[in-house]
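*Asks:* Got a structure for you, questions after.
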Amino acid sequence: MTKNTNTSMRRFAAKCLWIWGMVMAFVASAEAENKVTIDNFNIKVEEEKTISVYLENSDPMVGLQMDFKLPKGLDFVTNSVQRDEVRLSRSSHSIYMNEVQSSMDDMAKGIKTVRLLIQPNGIYNIAGDRGAVAYFKVKANENMVETSEIVLDNIVGSSSEFDEETGNIKGYHLESYTAHVSPNVGFFYLTEDSICVKNDGSVKKVSLGLRNYTSVRGMEAVLSLPEGLSLDTEANGAPKFEYGERLPQNLSISSSILEDGRTKLVLSGLTSDTLKGDTGVVFSFFVKASETFQEVAELSLDEIILSDNAGHGINMEGKLVMEVINSFIAYYTPANDSIQGLRTRYEAAVEKINTEAADVKDSAVVVNAVQEVATRIEDLRKSVDEAYANETLPVIYDEVLAPVVSIDTAIVKMVDDALALQAAKVANDEAFVRLTEEIGALQAKLDAAKTTIETDYAEVAGQFTADIAALQEDIDSISNEVKGLYEEVKLTAESQIDATAIEAGIEKVLADAEEAHKGSSIYGVKNANGAELTGIYTVDGRRAAEPVKGQVNIFKYSDGTVKKFYMK
């Protein structure tokens with residue numbers, strides 16, 4: 001069964017190569033925006049890696065062929081090729097990959113050649129114009145000790161169209177492509193994903209760590225800094241570095257500025273001493289921001305090459321990126337904007353109180369509320385300044401700014417309470433005026449009744465002194481209660497006094513006085529002119545209910561006449 005399968009595969013390969021040869025015999029020279037690429041990668045010894053083969057084609061293609069020259073230390077994993085089901089369906093294309101004969105020179109260098117063939121099952125274009133078309137696996141052996149190249153060569157694409165001038169099938173010779181493969185001897189890392197810097201020249205430390213699977217004796221990398229961010233320097237102008245505990249004494253860091261403005265960092269030594277341990281910080285450098293630094297930018301380290309104990313140069317694929325945040329723009333400025341917003345709303349609130357609550361603006365309640373809000377705003381400003389100064393503002397930003405909401409609420413409440421007090425005062429004043437007038441009217445009624453009794457019913461007036469005093473006490477009690485509520489600002493439009501009982505009492509004392517008058521000795525007595533007797537008095541001015549015997553009595557009549565009588 002295995003023999004038959006292998007025979008079938010060989011026949012299929014031979015058929016594909018024969019068909020491809022026929023196609024290529026008619027390929028016309030053509031320049032187009034077509035290219036095939038693979039990614040750079042790192043790999044450990046005995047590790048398998050899947051390689052994605054990318055095709056970017058501006059021209060439609062039905063088939064594709066290419067050779068991969070694998071360096072010493074890297075093997076093709078047989079039968080590992082897979083199609084991309086989106087761009088190559090089983091019904092439209094066949095795919096085949098195997099090792100072919102390398103040149104003598106390549107064989108001498110340990111280079112193996114693997115050919116990938118994508119053959120159409122009819123006239124079907126490869127779907128799409130970009131992305132992976134196939135995948136295959138490679139495996140590293142013990143010879144993978146340094147960065148090497150994978151060369152993609154003899155890349156040819158075919159079309160289903162014919163050239164109108166030559167009548168040949170259109171074909172495309174694509175440019176060769178070179179990718180790098182390096183031993184996976186570890187990885188570098190930045191100890192923080194992001195840092196915050198102030199734009200006043202304050203420095204921030206950036207630490208570079210390494211997790212290594214082999215001995216390391218040196219490295220180099222290229223540092224890219226955004227505009228407005230620079231390296232802090234020593235007194236001699238050289239960048240300032242902090243050496244990690246992993247570095248032996250003979251290793252030192254040097255730097256140079258490249259033509260594109262980036263900084264190349266090199267860690268090297270005069271001996272073969274290697275880094276201590278296998279993980280931790282290697283070294284640190286320091287950055288500072290100027291006022292031109294934007295809100296958020298990135299610093300990066302790439303083109304990293306590591307040197308192992310044997311002196312092999314090993315590329316570390318990928319780029320280390322750190323987000324750098326301008327804390328002045330990103331945090332301090334918006335925090336101060338929030339504080340200024342509070343101040344603006346506070347000032348508008350105070351103006352509203354002064355205008356619309358003028359009668360109560362100087363009251364203790366309003367003054368204390370206004371001062372409390374002002375104090376809270378000032379305390380918030382101090383907290384923001386302190387957090388910015390000690391560089392904790394980015395970390396505790398939300399916590400520091402949390403009082404903004406409650407202060408805003410306090411500002412609204414401050415105004416609402418002041419306006420409510422103003423409204424209460426207005427209502428209190430209006431109610432006091434109204435109730436005072438009602439009390440005054442009630443007092444006038446009592447005074448009038450008292451005058452009537454003393455004038456018209458003088459001979460019995462003494463009988464009602466207590467009643468009138470009681471009524472006066474009731475009026476005074478109501479008056480004092482109203483005054484007390486007024487002082488407490490508790491009078492409202494609904495406030496009333498109960499005058500019913502007092503008015504009834506006044507009516508009753510008048511009626512009782514009149515009744516008593518009618519039963520007195522002088523009631524109905526008239527003089528010769530018909531004027532009624534209104535009162536009897538002693539010579540010393542005292543009123544008498546009836547003539548006093550043994551002395552002179554003075555009779556006064558309603559027409560104003562006065563007569564004296566001596567009663568025996």
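The way I read the labels, and the way they are meant: chains A, B, ... in the order of the structure tokens, residue 1 as the first residue of every chain, and ligand 1 as the first ligand shown, with later ones counted on from there.
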So which residues of region 57-197 of chain A fall under helix (DSSP H, G or I) by DSSP, listed as a PyMOL selection string?

*Replies:* chain A and resi 104-108

*Asks:* For the selection just defined, write its residues with N, CA and C atoms to a file, as a short mmCIF file (atom, residue, chain, number, x, y, z; two decimals), in the first residue's frame.

*Replies:*
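What landed in out.cif:
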data_model
loop_
_atom_site.label_atom_id
_atom_site.label_comp_id
_atom_site.auth_asym_id
_atom_site.auth_seq_id
_atom_site.Cartn_x
_atom_site.Cartn_y
_atom_site.Cartn_z
N MET A 104 25.53 22.13 -6.46
CA MET A 104 26.71 21.64 -5.75
C MET A 104 27.17 22.63 -4.69
N ASP A 105 27.10 23.93 -5.06
CA ASP A 105 27.53 24.96 -4.09
C ASP A 105 26.61 24.95 -2.87
N ASP A 106 25.30 24.87 -3.12
CA ASP A 106 24.34 24.86 -2.01
C ASP A 106 24.53 23.62 -1.15
N MET A 107 24.74 22.50 -1.80
CA MET A 107 24.92 21.26 -1.05
C MET A 107 26.15 21.35 -0.16
N ALA A 108 27.20 22.00 -0.67
CA ALA A 108 28.42 22.15 0.12
C ALA A 108 28.18 23.01 1.35
#

*Asks:* Can you pull out every residue from region 210-430 of chain A that DSSP, working from the backbone, puts in strand (DSSP E), and format the result as a count of residues only?

*Replies:* 65

*Asks:* Considering only C-alpha atoms, return as a list in words whatever protein or nucleic-acid residues lie within 9 Å of Glu220 (chain A), sequence-local ones (same chain, fewer than 6 positions apart) excluded.

*Replies:* Lys264, Leu265, Val266, Leu267, Ser268, Glu303, Ile304, Ile305, Leu306 and Ser307 of chain A

*Asks:* When you count only C-alpha atoms, which of these residues is closest to Asn42 (chain A): A:Glu142, A:Glu356, A:Glu317, A:Glu245?

*Replies:*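 For Asn42 (chain A), the nearest of the given residues is A:Glu317.
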
*Asks:* Can you tell me, as a JSON list (two decimals) with N, CA and C atoms, in the first residue's frame, what residues are no more than 8 Å from Leu74 (chain A) when counting only C-alpha atoms, ignoring any on the same chain fewer than 3 positions away?

*Replies:*
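File written: around-v2.json
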[["chain", "number", "residue", "atom", "x", "y", "z"],
["A", 70, "LEU", "N", 16.54, 26.18, 2.08],
["A", 70, "LEU", "CA", 16.58, 26.13, 3.54],
["A", 70, "LEU", "C", 18.03, 26.05, 4.00],
["A", 71, "PRO", "N", 18.44, 26.88, 4.97],
["A", 71, "PRO", "CA", 19.83, 26.91, 5.42],
["A", 71, "PRO", "C", 20.19, 25.68, 6.25],
["A", 138, "VAL", "N", 8.77, 23.41, 9.09],
["A", 138, "VAL", "CA", 10.20, 23.16, 9.12],
["A", 138, "VAL", "C", 10.57, 22.77, 10.55],
["A", 139, "LYS", "N", 11.70, 22.09, 10.66],
["A", 139, "LYS", "CA", 12.19, 21.66, 11.97],
["A", 139, "LYS", "C", 13.67, 21.99, 12.09],
["A", 140, "ALA", "N", 14.05, 22.55, 13.24],
["A", 140, "ALA", "CA", 15.45, 22.93, 13.45],
["A", 140, "ALA", "C", 16.23, 21.75, 14.04],
["A", 141, "ASN", "N", 17.48, 21.60, 13.56],
["A", 141, "ASN", "CA", 18.37, 20.58, 14.15],
["A", 141, "ASN", "C", 19.52, 21.27, 14.87],
["A", 143, "ASN", "N", 22.34, 22.06, 14.13],
["A", 143, "ASN", "CA", 23.18, 23.00, 13.38],
["A", 143, "ASN", "C", 22.58, 24.41, 13.30],
["A", 144, "MET", "N", 21.41, 24.59, 13.86],
["A", 144, "MET", "CA", 20.79, 25.93, 13.88],
["A", 144, "MET", "C", 21.41, 26.71, 15.04]]

*Asks:* Determine, counting only C-alpha atoms, which protein, DNA and RNA residues have an atom within 8 Å of an atom of region 149-157 of chain A; residues of the same chain fewer than 6 positions away are not included. Present the result as a list in words.

*Replies:* Val36, Thr37, Met61, Val62, Gly63, Leu64, Gln65, Met66, Asp67, Phe68, Lys69, Leu70, Pro71, Gly171, Tyr172, His173, Leu174, Glu175, Ser176, Tyr177, Thr178, Ala179, His180 and Val181 of chain A

*Asks:* Quick check, in Å to one decimal: how far apart do CA of Lys137 (chain A) and CA of Lys49 (chain A) lie?

*Replies:*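 Atom-to-atom, CA of Lys137 (chain A) and CA of Lys49 (chain A) are spaced 5.4 Å apart.
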
*Asks:* Can you measure CA of Asn250 (chain A) to CA of Asp308 (chain A) for me? One decimal in Å is fine.

*Replies:*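 Separation between CA of Asn250 (chain A) and CA of Asp308 (chain A): 15.8 Å.
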
*Asks:* One decimal, Å: what's the distance from CA of Phe565 (chain A) over to CA of Tyr457 (chain A), could you say?

*Replies:*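 Pair CA of Phe565 (chain A) / CA of Tyr457 (chain A) returns 21.2 Å.
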
*Asks:* I'd like a table as a Markdown table: residues in region 164-235 of chain A with an atom no more than 9 Å from region 389-413 of chain A, each row giving the shortest atom pair and its distance in Å to one decimal, only C-alpha atoms counted, sorted by chain and rising residue number.

*Replies:*
| residue | atom | partner | partner_atom | distance |
| --- | --- | --- | --- | --- |
| A:Cys196 | CA | A:Pro394 | CA | 7.2 |
| A:Val197 | CA | A:Glu391 | CA | 8.3 |
| A:Lys198 | CA | A:Glu391 | CA | 8.2 |

*Asks:* Mind dumping the selected residues with N, CA and C atoms as a short mmCIF file (atom, residue, chain, number, x, y, z; two decimals), in the first residue's frame?

*Replies:*
data_model
loop_
_atom_site.label_atom_id
_atom_site.label_comp_id
_atom_site.auth_asym_id
_atom_site.auth_seq_id
_atom_site.Cartn_x
_atom_site.Cartn_y
_atom_site.Cartn_z
N CYS A 196 4.77 57.06 32.09
CA CYS A 196 4.28 58.44 32.01
C CYS A 196 5.45 59.38 32.33
N VAL A 197 5.58 60.41 31.53
CA VAL A 197 6.65 61.38 31.73
C VAL A 197 6.05 62.77 31.83
N LYS A 198 6.72 63.61 32.60
CA LYS A 198 6.35 65.02 32.65
C LYS A 198 7.20 65.77 31.64
#

*Asks:* Just the residues within 10 Å of Ala423 (chain A), please, counting only C-alpha atoms, with nothing from its chain fewer than 3 positions along; format it as number ranges by chain.

*Replies:* A: 356-357, 359-360, 417-420, 426-429, 492
